[in-house]
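Participant: What follows is a structure written as structure tokens; I'll ask about it next.
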Amino acid sequence: MFKIVEKELLNPTVVRMVIDAPLVARKAQPGQFIILRTNADGERIPLTVADYDRETGTVTIIFQIVGATTEKLGHMAVGESLSDFVGPLGRATETEGLRKVAVIGGGVGCAIAYPVAKKLHEQGTEVHAIVGFRNKDLVILEKEFAAASSLLKVMTDDGSYGEHGLVTTALKALIDGGEQYDEVIAIGPLPMMKFVSLLTKEYGIKTVVSMNPIMIDGTGMCGGCRLTVDGETKFACVDGPEFDGHLVDFDEAMTRGGMYKVFERYAHEETCRLFQKEVQ
């Protein structure tokens with residue numbers, strides 16, 4: 001069993017948890033993920049490693065409450081334990097040899113982008129971080145990004161905090177202003193990663209994106225996480241989750257990602273009703 005040792009609400013729908021998982025913490029690297037179950041009969045869901053502490057043997061996860069399992073997870077308290085916490089899975093972010101990188105995070109994707117920025121910063125890479133949110137109330141990890149970068153741009157769609165505009169607005173302004181990046185790393189919603197990749201392709205800047213499609217087993221056996229990259233089928237769980245953003249078929253990924261939204265919404269509503277009955 002994997003005990004919850006810390007829990008923090010980062011905004012109304014995003015939760016940070018620290019899990020006692022020494023074997024995972026010993027090997028985890030930025031860019032990798034875990035698969036967990038809240039209980040023995042629960043659904044398997046993948047969550048990216050947001051941070052880890054090898055000394056304390058803990059792993060941090062940050063998740064948005066959007067479905068049945070994240071709803072259940074969000075109701076769990078410090079001291080309770082998860083049934084399964086398997087990992088680390090996937091390929092770690094490749095950071096060696098990079099001198100200057102723009103790390104871009106969108107929404108809850110910032111939880112995935114932060115450990116990458118942190119590792120780059122610790123190895124001496126100059127990091128420019130651009131993080132985007134719909135509004136001020138949804139901003140997360142601002143202090144953490146500020147500590148892991150020499151330049152931080154916080155963007156909001158409605159202009160209620162930071163600068164008004166999209167992450168692509170800030171990135172284009174920096175490039176046009178003379179900034180030269182060895183690489184751009186973009187992590188967030190599929191449309192955001194698509195448009196970042198389209199922008200950087202115009203400038204010939206290598207761009208890495210983190211793909212998080214539907215996953216079941218996390219070992220490449222089920223094929224649920226398949227993507228088309230440069231015309232070839234790849235599996236995000238073993239070939240990724242990071243890929244060359246200029247080669248990913250984002251339109252196909254978005255279509256596949258929406259296949260089960262009706263079922264997910266129904267399961268989430270059923271779970272919410274169960275918790276409401278328990279409270280009553």
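Every chain in the structure tokens takes a letter, A first, then B, and so on in the order presented; its residues are numbered from 1, and the ligands are numbered from 1 following the presented order.
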Mind checking which residues fall within 8 Å of region 115-117 of chain A, counting only C-alpha atoms, ignoring those fewer than 4 positions away in the same chain, and posting them as a VMD selection string?

Facilitator: chain A and resid 30 to 31 50 to 51 93 103 111 121 127 129 145 148 to 149

Participant: For the residues in the current selection, export N, CA and C atoms as an mmCIF file, in the first residue's frame.

Facilitator:
```
data_model
loop_
_atom_site.group_PDB
_atom_site.id
_atom_site.type_symbol
_atom_site.label_atom_id
_atom_site.label_comp_id
_atom_site.auth_asym_id
_atom_site.auth_seq_id
_atom_site.Cartn_x
_atom_site.Cartn_y
_atom_site.Cartn_z
ATOM 1 N N PRO A 30 12.381 13.200 -14.461
ATOM 2 C CA PRO A 30 11.415 14.085 -15.120
ATOM 3 C C PRO A 30 10.968 13.520 -16.462
ATOM 4 N N GLY A 31 9.684 13.643 -16.743
ATOM 5 C CA GLY A 31 9.130 13.147 -17.992
ATOM 6 C C GLY A 31 8.475 11.789 -17.868
ATOM 7 N N ALA A 50 5.372 14.541 -10.870
ATOM 8 C CA ALA A 50 5.556 15.992 -10.770
ATOM 9 C C ALA A 50 6.824 16.350 -9.993
ATOM 10 N N ASP A 51 7.253 15.457 -9.119
ATOM 11 C CA ASP A 51 8.489 15.652 -8.357
ATOM 12 C C ASP A 51 8.773 14.369 -7.596
ATOM 13 N N THR A 93 12.902 12.582 -19.863
ATOM 14 C CA THR A 93 13.231 13.714 -20.722
ATOM 15 C C THR A 93 14.739 13.761 -20.981
ATOM 16 N N VAL A 103 10.744 26.331 -21.809
ATOM 17 C CA VAL A 103 9.829 25.307 -21.284
ATOM 18 C C VAL A 103 8.446 25.931 -21.183
ATOM 19 N N ALA A 111 2.295 20.958 -14.280
ATOM 20 C CA ALA A 111 2.778 19.984 -13.304
ATOM 21 C C ALA A 111 3.778 19.032 -13.928
ATOM 22 N N HIS A 121 17.455 23.493 -15.043
ATOM 23 C CA HIS A 121 18.034 24.568 -14.247
ATOM 24 C C HIS A 121 19.169 24.046 -13.368
ATOM 25 N N VAL A 127 16.990 28.523 -18.573
ATOM 26 C CA VAL A 127 15.589 28.159 -18.787
ATOM 27 C C VAL A 127 14.722 29.408 -18.861
ATOM 28 N N ALA A 129 10.782 30.069 -18.910
ATOM 29 C CA ALA A 129 9.521 29.371 -18.690
ATOM 30 C C ALA A 129 8.346 30.249 -19.100
ATOM 31 N N PHE A 145 8.220 27.650 -10.675
ATOM 32 C CA PHE A 145 8.781 27.977 -11.985
ATOM 33 C C PHE A 145 9.747 29.157 -11.886
ATOM 34 N N ALA A 148 13.062 27.996 -10.870
ATOM 35 C CA ALA A 148 13.724 27.077 -11.803
ATOM 36 C C ALA A 148 14.005 27.708 -13.161
ATOM 37 N N SER A 149 13.882 29.030 -13.260
ATOM 38 C CA SER A 149 14.090 29.678 -14.552
ATOM 39 C C SER A 149 14.705 31.060 -14.375
#
```

Participant: Which residues in region 161-194 of chain A does DSSP call strand (DSSP E)? List them as a list in words.

Facilitator: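 Written out, the strand (DSSP E) residues of region 161-194 of chain A are Glu163, His164, Glu183, Val184, Ile185, Ala186 and Ile187 of chain A.
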
Participant: Emit the selected residues as an mmCIF file, in the first residue's frame, including N, CA and C atoms.

Facilitator:
```
data_model
loop_
_atom_site.group_PDB
_atom_site.id
_atom_site.type_symbol
_atom_site.label_atom_id
_atom_site.label_comp_id
_atom_site.auth_asym_id
_atom_site.auth_seq_id
_atom_site.Cartn_x
_atom_site.Cartn_y
_atom_site.Cartn_z
ATOM 1 N N GLU A 163 0.444 38.397 -18.101
ATOM 2 C CA GLU A 163 0.237 39.057 -19.384
ATOM 3 C C GLU A 163 -0.967 38.464 -20.099
ATOM 4 N N HIS A 164 -1.663 39.297 -20.837
ATOM 5 C CA HIS A 164 -2.850 38.862 -21.575
ATOM 6 C C HIS A 164 -2.429 38.194 -22.880
ATOM 7 N N GLU A 183 16.175 24.288 -27.903
ATOM 8 C CA GLU A 183 14.999 23.420 -27.922
ATOM 9 C C GLU A 183 13.845 24.103 -27.204
ATOM 10 N N VAL A 184 12.638 23.795 -27.643
ATOM 11 C CA VAL A 184 11.420 24.208 -26.949
ATOM 12 C C VAL A 184 10.740 22.939 -26.457
ATOM 13 N N ILE A 185 10.350 22.931 -25.184
ATOM 14 C CA ILE A 185 9.633 21.792 -24.610
ATOM 15 C C ILE A 185 8.255 22.289 -24.218
ATOM 16 N N ALA A 186 7.211 21.739 -24.846
ATOM 17 C CA ALA A 186 5.836 22.196 -24.620
ATOM 18 C C ALA A 186 4.992 21.063 -24.051
ATOM 19 N N ILE A 187 4.311 21.350 -22.942
ATOM 20 C CA ILE A 187 3.508 20.323 -22.274
ATOM 21 C C ILE A 187 2.193 20.938 -21.826
#
```

Participant: Report, in Å with one decimal, the straight-line distance from CA of Ile130 (chain A) to CA of Pro241 (chain A).

Facilitator: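 These atoms are spaced 20.6 Å apart.
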
Participant: Find the residue from A:Val14, A:Val86, A:Asp182, A:Asn39 that sits nearest to Cys110 (chain A); use only C-alpha atoms when measuring.

Facilitator: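 Residue with the minimum atom-to-atom distance to Cys110 (chain A): A:Val14.
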
Participant: If you count only C-alpha atoms, which residues fall within 7 Å of Arg54 (chain A), apart from same-chain ones fewer than 2 positions away, as a ChimeraX atom specification?

Facilitator: /A:25-26,52,56-58

Participant: Store the residues picked out above, limited to C-alpha atoms, as an mmCIF file, in the first residue's frame.

Facilitator:
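For reference, part.cif as written:
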```
data_model
loop_
_atom_site.group_PDB
_atom_site.id
_atom_site.type_symbol
_atom_site.label_atom_id
_atom_site.label_comp_id
_atom_site.auth_asym_id
_atom_site.auth_seq_id
_atom_site.Cartn_x
_atom_site.Cartn_y
_atom_site.Cartn_z
ATOM 1 C CA ALA A 25 11.274 7.586 -5.961
ATOM 2 C CA ARG A 26 14.627 5.811 -6.235
ATOM 3 C CA TYR A 52 10.332 13.111 -6.227
ATOM 4 C CA THR A 56 12.347 10.592 1.945
ATOM 5 C CA GLY A 57 11.204 8.005 -0.614
ATOM 6 C CA THR A 58 8.253 10.076 -1.794
#
```

Participant: For Thr200 (chain A), work out the shell of residues within 10 Å, counting only C-alpha atoms and skipping chain neighbours fewer than 6 positions away, then give it as a list in words.

Facilitator: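 With the cut-off at 10 Å, the set is Thr168, Leu171, Lys172, Ile175, Glu183, Val184, Lys206, Thr207, Gly245 and His246 of chain A.
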
Participant: Between A:Phe85, A:Val248, A:Ile65, A:Met221, which is the closest to Thr233 (chain A) once you count only C-alpha atoms?

Facilitator: A:Val248

Participant: Which is closer to Thr70 (chain A) than all the others in A:Thr48, A:Gln180, A:Thr38, A:Thr219, using only C-alpha atoms?

Facilitator: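 The closest residue to Thr70 (chain A) is A:Thr38.
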
Participant: As a list in words, please: the residues near Pro12 (chain A) (cut-off 10 Å, only C-alpha atoms, same-chain neighbours under 5 positions excluded).

Facilitator: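 My reading of the contact set: Gln64, Ile65, Asp137 and Leu138 of chain A.
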
Participant: From the options A:Leu23, A:Leu247, A:Val49, A:Ala253, which residue's atoms come nearest to Met211 (chain A), counting only C-alpha atoms?

Facilitator: A:Ala253

Participant: Mind pulling up the distance from CA of Tyr161 (chain A) to CA of Asp176 (chain A)?

Facilitator: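 Calculated distance between CA of Asp176 (chain A) and CA of Tyr161 (chain A) is 23.4 Å.
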